[in-house]
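> Below you'll find model-v5.txt; it's compact mmCIF, C-alpha atoms.
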```
# COMPACT_ATOMS: atom_id res chain seq x y z
CA MET V 1 18.74 -13.37 -4.29
CA ALA V 2 21.23 -10.56 -3.63
CA LEU V 3 20.02 -7.02 -4.20
CA LEU V 4 21.48 -4.93 -6.98
CA LYS V 5 23.41 -1.90 -5.76
CA TYR V 6 20.68 0.62 -6.57
CA GLU V 7 18.13 -1.62 -4.80
CA GLU V 8 20.41 -1.82 -1.77
CA ILE V 9 20.66 1.98 -1.65
CA ALA V 10 16.89 2.36 -2.03
CA GLU V 11 16.23 -0.15 0.76
CA SER V 12 18.72 1.63 3.04
CA LEU V 13 16.94 4.93 2.45
CA ARG V 14 13.56 3.29 3.11
CA ALA V 15 14.82 1.98 6.43
CA ARG V 16 16.15 5.41 7.40
CA ILE V 17 12.81 7.03 6.49
CA ALA V 18 10.89 4.35 8.41
CA ALA V 19 13.13 4.95 11.45
CA GLY V 20 12.29 8.67 11.37
CA GLU V 21 15.71 9.92 10.31
CA PHE V 22 14.02 11.70 7.41
CA GLY V 23 10.51 12.89 8.19
CA PRO V 24 7.73 14.11 5.86
CA GLY V 25 8.86 17.19 3.95
CA GLU V 26 12.55 16.61 4.66
CA THR V 27 15.15 16.33 1.90
CA LEU V 28 17.14 13.17 1.29
CA PRO V 29 20.89 13.28 0.64
CA SER V 30 21.67 14.34 -2.93
CA GLY V 31 22.62 11.88 -5.63
CA ARG V 32 26.16 13.24 -5.47
CA ASP V 33 26.39 12.69 -1.71
CA LEU V 34 24.93 9.18 -1.98
CA ALA V 35 27.36 8.35 -4.78
CA GLU V 36 30.27 9.33 -2.51
CA GLN V 37 28.86 7.45 0.50
CA TRP V 38 28.29 4.25 -1.47
CA SER V 39 31.22 4.55 -3.88
CA VAL V 40 28.95 4.21 -6.92
CA SER V 41 28.13 6.29 -9.97
CA ARG V 42 25.59 9.11 -9.95
CA ALA V 43 23.49 7.05 -12.37
CA THR V 44 23.17 4.31 -9.75
CA THR V 45 21.99 6.69 -7.03
CA VAL V 46 19.54 8.39 -9.42
CA LYS V 47 18.08 4.96 -10.19
CA ALA V 48 17.73 4.27 -6.46
CA LEU V 49 15.92 7.56 -5.87
CA ASP V 50 13.66 6.90 -8.85
CA VAL V 51 12.61 3.61 -7.21
CA LEU V 52 11.48 5.54 -4.13
CA ARG V 53 9.71 8.13 -6.27
CA ASN V 54 7.84 5.44 -8.22
CA ASP V 55 6.70 3.94 -4.93
CA GLY V 56 5.37 7.30 -3.72
CA VAL V 57 7.88 7.51 -0.85
CA VAL V 58 9.54 10.71 -2.12
CA VAL V 59 8.79 13.47 -4.61
CA ALA V 60 11.24 15.47 -6.72
CA LYS V 61 11.27 19.23 -6.07
CA GLN V 62 13.17 21.48 -8.45
CA GLY V 63 16.03 23.23 -6.73
CA THR V 64 15.65 21.08 -3.62
CA GLY V 65 16.10 17.44 -4.56
CA PHE V 66 14.11 14.45 -3.39
CA VAL V 67 11.78 15.15 -0.48
CA VAL V 68 9.95 12.63 1.70
CA THR V 69 6.25 12.63 0.79
CA GLU V 70 4.04 14.69 3.10
CA THR V 71 0.80 13.30 1.71
CA PRO V 72 1.09 9.51 1.37
CA VAL V 73 -0.50 7.83 -1.62
CA ALA V 74 -2.00 4.39 -1.99
CA ARG V 75 -3.70 2.46 -4.76
CA PRO V 76 -7.31 1.32 -4.59
CA ALA V 77 -7.77 -2.40 -4.01
CA GLY V 78 -6.55 -4.71 -6.76
CA ALA V 79 -4.39 -4.20 -9.84
CA ARG V 80 -1.15 -4.93 -7.97
CA ARG V 81 0.60 -6.58 -10.90
CA ALA V 82 4.33 -7.27 -10.73
CA GLY V 83 6.38 -4.28 -11.79
CA SER V 84 3.60 -1.75 -11.22
CA ALA V 85 4.60 1.31 -9.21
CA ARG V 86 2.65 2.32 -6.15
CA ILE V 87 2.37 5.88 -7.43
CA SER V 88 0.85 4.62 -10.68
CA GLY V 89 -2.87 4.85 -10.06
CA GLY V 90 -2.23 5.94 -6.50
CA MET V 91 -4.09 8.77 -4.83
CA PRO V 92 -4.05 10.58 -1.49
CA PHE V 93 -5.87 8.82 1.29
CA GLN V 94 -7.25 9.46 4.76
CA ARG V 95 -6.83 6.85 7.46
CA LEU V 96 -10.08 6.07 9.29
CA GLY V 97 -9.84 5.58 13.03
CA GLU V 98 -7.23 3.27 14.51
CA PRO V 99 -6.42 -0.24 13.31
CA ASP V 100 -8.49 -2.76 15.24
CA TRP V 101 -9.02 -6.48 15.68
CA ALA V 102 -12.39 -7.63 14.39
CA GLU V 103 -14.15 -10.58 12.83
CA PRO V 104 -13.92 -10.07 9.05
CA PRO V 105 -16.78 -10.59 6.58
CA ALA V 106 -17.26 -14.17 5.43
CA SER V 107 -15.63 -13.54 2.05
CA VAL V 108 -12.51 -12.08 3.68
CA ALA V 109 -12.35 -14.83 6.30
CA ALA V 110 -12.51 -17.44 3.56
CA ALA V 111 -9.73 -15.73 1.58
CA LEU V 112 -7.55 -15.56 4.70
CA ARG V 113 -8.42 -19.18 5.59
CA LEU V 114 -9.61 -18.19 9.05
CA ASP V 115 -11.81 -20.37 11.20
CA SER V 116 -15.34 -19.22 12.02
CA GLY V 117 -15.28 -16.52 14.69
CA ALA V 118 -11.55 -15.79 14.28
CA VAL V 119 -10.40 -12.16 14.22
CA ALA V 120 -7.93 -10.31 12.00
CA LEU V 121 -6.27 -6.89 12.13
CA ARG V 122 -8.19 -4.28 10.11
CA ARG V 123 -6.82 -1.03 8.63
CA ARG V 124 -9.36 1.32 6.99
CA ARG V 125 -8.86 4.24 4.62
CA ILE V 126 -10.66 6.57 2.23
CA HIS V 127 -9.03 7.24 -1.13
CA GLN V 128 -9.59 10.82 -2.21
CA LEU V 129 -10.07 12.59 -5.53
CA PRO V 130 -8.05 15.77 -6.25
CA ASP V 131 -10.81 17.95 -4.78
CA GLY V 132 -10.78 15.94 -1.55
CA THR V 133 -14.05 14.09 -2.10
CA PRO V 134 -14.09 10.32 -1.49
CA HIS V 135 -13.21 8.03 -4.37
CA SER V 136 -13.35 4.65 -2.62
CA TYR V 137 -13.43 3.03 0.79
CA ALA V 138 -10.99 0.23 1.61
CA GLU V 139 -10.54 -2.23 4.45
CA ALA V 140 -7.29 -4.20 4.59
CA TRP V 141 -7.33 -7.33 6.74
CA PHE V 142 -4.15 -9.03 8.00
CA PRO V 143 -4.17 -12.56 9.47
CA PRO V 144 -2.94 -12.86 13.09
CA GLU V 145 0.43 -14.42 12.24
CA VAL V 146 1.27 -11.47 9.98
CA ALA V 147 -0.13 -8.73 12.23
CA GLU V 148 1.50 -10.02 15.41
CA ALA V 149 4.91 -10.15 13.73
CA SER V 150 4.48 -6.64 12.27
CA PRO V 151 3.52 -4.33 15.18
CA ARG V 152 3.50 -1.12 13.12
CA LEU V 153 0.42 -2.41 11.29
CA ALA V 154 -1.49 -1.74 14.52
CA GLN V 155 -0.43 1.93 14.53
CA THR V 156 -2.41 4.73 12.90
CA ALA V 157 0.57 6.42 11.24
CA PRO V 158 1.17 5.55 7.58
CA ILE V 159 4.11 3.26 6.85
CA ALA V 160 6.38 5.27 4.57
CA GLU V 161 8.08 2.26 3.03
CA GLY V 162 4.71 0.65 2.27
CA THR V 163 3.08 -2.24 4.12
CA THR V 164 4.36 -4.84 1.66
CA ARG V 165 8.02 -4.00 2.24
CA TYR V 166 7.50 -3.58 5.96
CA VAL V 167 5.84 -6.99 6.28
CA ARG V 168 8.62 -8.54 4.24
CA ARG V 169 11.26 -7.06 6.58
CA GLN V 170 9.39 -8.33 9.62
CA THR V 171 8.37 -11.78 8.42
CA GLY V 172 10.43 -12.68 5.36
CA ARG V 173 7.15 -13.24 3.52
CA TYR V 174 6.29 -11.37 0.33
CA PRO V 175 3.52 -11.48 -2.30
CA VAL V 176 4.05 -13.61 -5.40
CA GLU V 177 0.42 -13.99 -6.48
CA GLY V 178 -2.62 -11.77 -6.31
CA VAL V 179 -6.24 -12.70 -6.86
CA ASP V 180 -8.81 -9.96 -7.57
CA VAL V 181 -12.54 -10.72 -7.52
CA THR V 182 -14.87 -7.91 -8.63
CA THR V 183 -18.58 -7.94 -7.82
CA VAL V 184 -21.41 -5.38 -7.84
CA ARG V 185 -23.93 -4.73 -5.06
CA LEU V 186 -25.59 -1.91 -3.13
CA ALA V 187 -23.55 0.06 -0.61
CA THR V 188 -24.12 -0.65 3.06
CA GLU V 189 -25.17 2.18 5.35
CA THR V 190 -21.62 2.51 6.70
CA GLU V 191 -20.08 2.50 3.21
CA ALA V 192 -22.57 5.10 1.96
CA GLU V 193 -21.64 7.35 4.89
CA HIS V 194 -17.90 7.05 4.24
CA LEU V 195 -18.35 7.60 0.49
CA ALA V 196 -20.75 10.54 0.93
CA VAL V 197 -23.44 8.94 -1.24
CA SER V 198 -27.12 8.38 -0.65
CA GLU V 199 -28.74 4.98 -0.30
CA PRO V 200 -29.34 2.94 -2.37
CA THR V 201 -26.17 3.36 -4.46
CA ALA V 202 -24.60 0.68 -6.63
CA VAL V 203 -20.93 0.02 -5.85
CA ALA V 204 -18.16 -2.06 -7.40
CA VAL V 205 -16.41 -4.25 -4.82
CA VAL V 206 -12.89 -5.50 -5.48
CA LEU V 207 -11.68 -8.26 -3.16
CA HIS V 208 -7.90 -8.43 -3.48
CA THR V 209 -5.93 -11.22 -1.80
CA ALA V 210 -2.13 -11.44 -1.87
CA TYR V 211 -0.44 -14.82 -1.38
CA ASP V 212 3.18 -15.34 -0.35
CA GLN V 213 5.90 -17.56 -1.78
CA GLU V 214 4.40 -20.60 -0.02
CA GLY V 215 0.84 -19.88 -1.11
CA ARG V 216 -0.24 -18.50 2.28
CA PRO V 217 -2.50 -15.40 2.39
CA LEU V 218 -0.70 -12.24 3.49
CA VAL V 219 -3.54 -9.73 3.32
CA CYS V 220 -7.06 -9.43 1.99
CA GLU V 221 -8.29 -6.00 0.99
CA GLU V 222 -11.84 -5.04 0.11
CA GLY V 223 -12.24 -1.85 -1.92
CA VAL V 224 -15.66 -0.28 -2.44
CA THR V 225 -16.20 2.32 -5.19
CA PRO V 226 -19.47 3.99 -6.26
CA SER V 227 -20.45 2.92 -9.78
CA ASP V 228 -20.03 6.43 -11.22
CA ARG V 229 -16.40 6.55 -9.97
CA TYR V 230 -15.33 3.04 -10.94
CA GLU V 231 -13.51 2.35 -14.18
CA GLN V 232 -11.33 -0.58 -15.20
CA VAL V 233 -9.24 -0.41 -18.37
CA GLU V 234 -7.33 -3.38 -19.75
CA THR V 235 -4.94 -3.29 -22.72
CA TYR V 236 -3.98 -6.60 -24.30
CA ALA V 237 -2.72 -8.13 -27.50
CA MET V 238 -5.20 -9.57 -30.02
```
Translate this file's structure into structure tokens.


Amino acid sequence: MALLKYEEIAESLRARIAAGEFGPGETLPSGRDLAEQWSVSRATTVKALDVLRNDGVVVAKQGTGFVVTETPVARPAGARRAGSARISGGMPFQRLGEPDWAEPPASVAAALRLDSGAVALRRRRIHQLPDGTPHSYAEAWFPPEVAEASPRLAQTAPIAEGTTRYVRRQTGRYPVEGVDVTTVRLATETEAEHLAVSEPTAVAVVLHTAYDQEGRPLVCEEGVTPSDRYEQVETYAM
């Protein structure tokens, strides 16, 4: 399906940010300039910039315009419903180490439909509260066919456009269904260290798997949150 004009402008800006044309802290062209470049109304360019802001790619600074985010944000595992913005529920995060190839836990391997002993690409991060303390620990696992086609996943630097859009550009595959499974257990020694909690500590574990348009798993992410920091709120009609 063809992109709407504001979506086309937003995707063009994403690509330019991803290519390094606009680095963290740098200002994007103004809505007026973009309107002239693309021969569209100011309203269209404002809508395009709002898409990037909602995804946490840029922030609006009074008197300056839209600036590329210096501190990337990401959402804890799960709750990736269609239409939800990345900045909604997102928080600053710290990348842990470098992405590596490893054998995933059994639950992740099953979600990714990997054979016993197979490896996947792992990216780890700590989501942080406003005061910098850990909120949750997350491991995102990508199956080989996705990781090998998307080389930037193996790099430490954050992907400004977001991994979902990057993977879609590289592979043509995109998420159409998500499955979240929440369980409760005690934190492992490694998790307790990353979360700065003592053992034993109860944690909520969200296993989020995204499936593409053909029902194939794209990524499986395990998010671990101490019980005193975990809250899930649902609003629904009755």

> Taking all atoms listed in the file into account, which of V:Asp33, V:Asp212, V:Glu139, V:Glu70 comes nearest Pro104 in chain V?

V:Glu139

> List every protein, DNA or RNA residue with an atom no more than 12 Å from (20.9, 14.8, -2.6) in the file's coordinates, counting all atoms listed in the file, and format the result as a list of chain:residue names.

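The distance filter leaves exactly V:Leu13, V:Glu26, V:Thr27, V:Leu28, V:Pro29, V:Ser30, V:Gly31, V:Arg32, V:Asp33, V:Leu34, V:Ala35, V:Glu36, V:Gln37, V:Arg42, V:Thr45, V:Val46, V:Ala48, V:Leu49, V:Ala60, V:Lys61, V:Gln62, V:Gly63, V:Thr64, V:Gly65, V:Phe66, V:Val67, V:Val68.
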
> Counting only C-alpha atoms, which residue out of V:Pro24, V:Arg123, V:Val219, V:Ala106 sits closest to Thr164 in chain V?

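Looking at the shortest contact to Thr164 in chain V, the residue is V:Val219.
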
> If we count all atoms listed in the file, what is near range 188-201 of chain V at a cut-off of 8 Å, once residues fewer than 2 positions away on the same chain are taken out, given as an MDAnalysis selection string?

chainID V and resid 126 134:137 186 203 224 226:227

> I want to know what sits within 12 Å of Tyr166 in chain V, based on all atoms listed in the file, with residues of the same chain fewer than 6 positions away left out; could you give that as a ChimeraX atom specification?

/V:11,14-15,17-19,146-147,149-153,158-160,172-174

> Quote the spacing between CA of Gly223 in chain V and CA of Arg122 in chain V in Å to one decimal place.

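One can read the CA of Gly223 in chain V to CA of Arg122 in chain V distance as 12.9 Å.
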
> Counting only C-alpha atoms, figure out which residue out of V:Val167, V:Val40, V:His208, V:Phe22 gets nearest to Lys5 in chain V.

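Counting only C-alpha atoms, the residue closest to Lys5 in chain V is V:Val40.
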
> Which value, in Å to one decimal, gives the distance between CA of Gln155 in chain V and CA of Asp180 in chain V?

26.5 Å

> As a ChimeraX atom specification, please: the residues near Pro217 in chain V (cut-off 8 Å, only C-alpha atoms, same-chain neighbours under 5 positions excluded).

/V:111-113,143,209-212

> Looking at V:Ala154, V:Arg125, V:Ala118, V:Pro130, which one is nearest to Asp100 in chain V, with distances taken over all atoms listed in the file?

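Closest to Asp100 in chain V of all the choices is V:Ala154.
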
> Which residue, V:Ala157, V:Leu121, V:Ala77, V:Met91, has the smallest gap to Ala138 in chain V when you use all atoms listed in the file?

V:Ala77

> Smallest atom-to-atom distance to Arg185 in chain V: which of V:Ala204, V:Gly117, V:Glu234, V:Cys220, using all atoms listed in the file?

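Ranking V:Ala204, V:Gly117, V:Glu234, V:Cys220 by distance to Arg185 in chain V, first place goes to V:Ala204.
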
> Between CA of Ala202 in chain V and CA of Gly97 in chain V, measure the distance and give it in Å to one decimal.

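Between CA of Ala202 in chain V and CA of Gly97 in chain V the gap works out to 25.1 Å.
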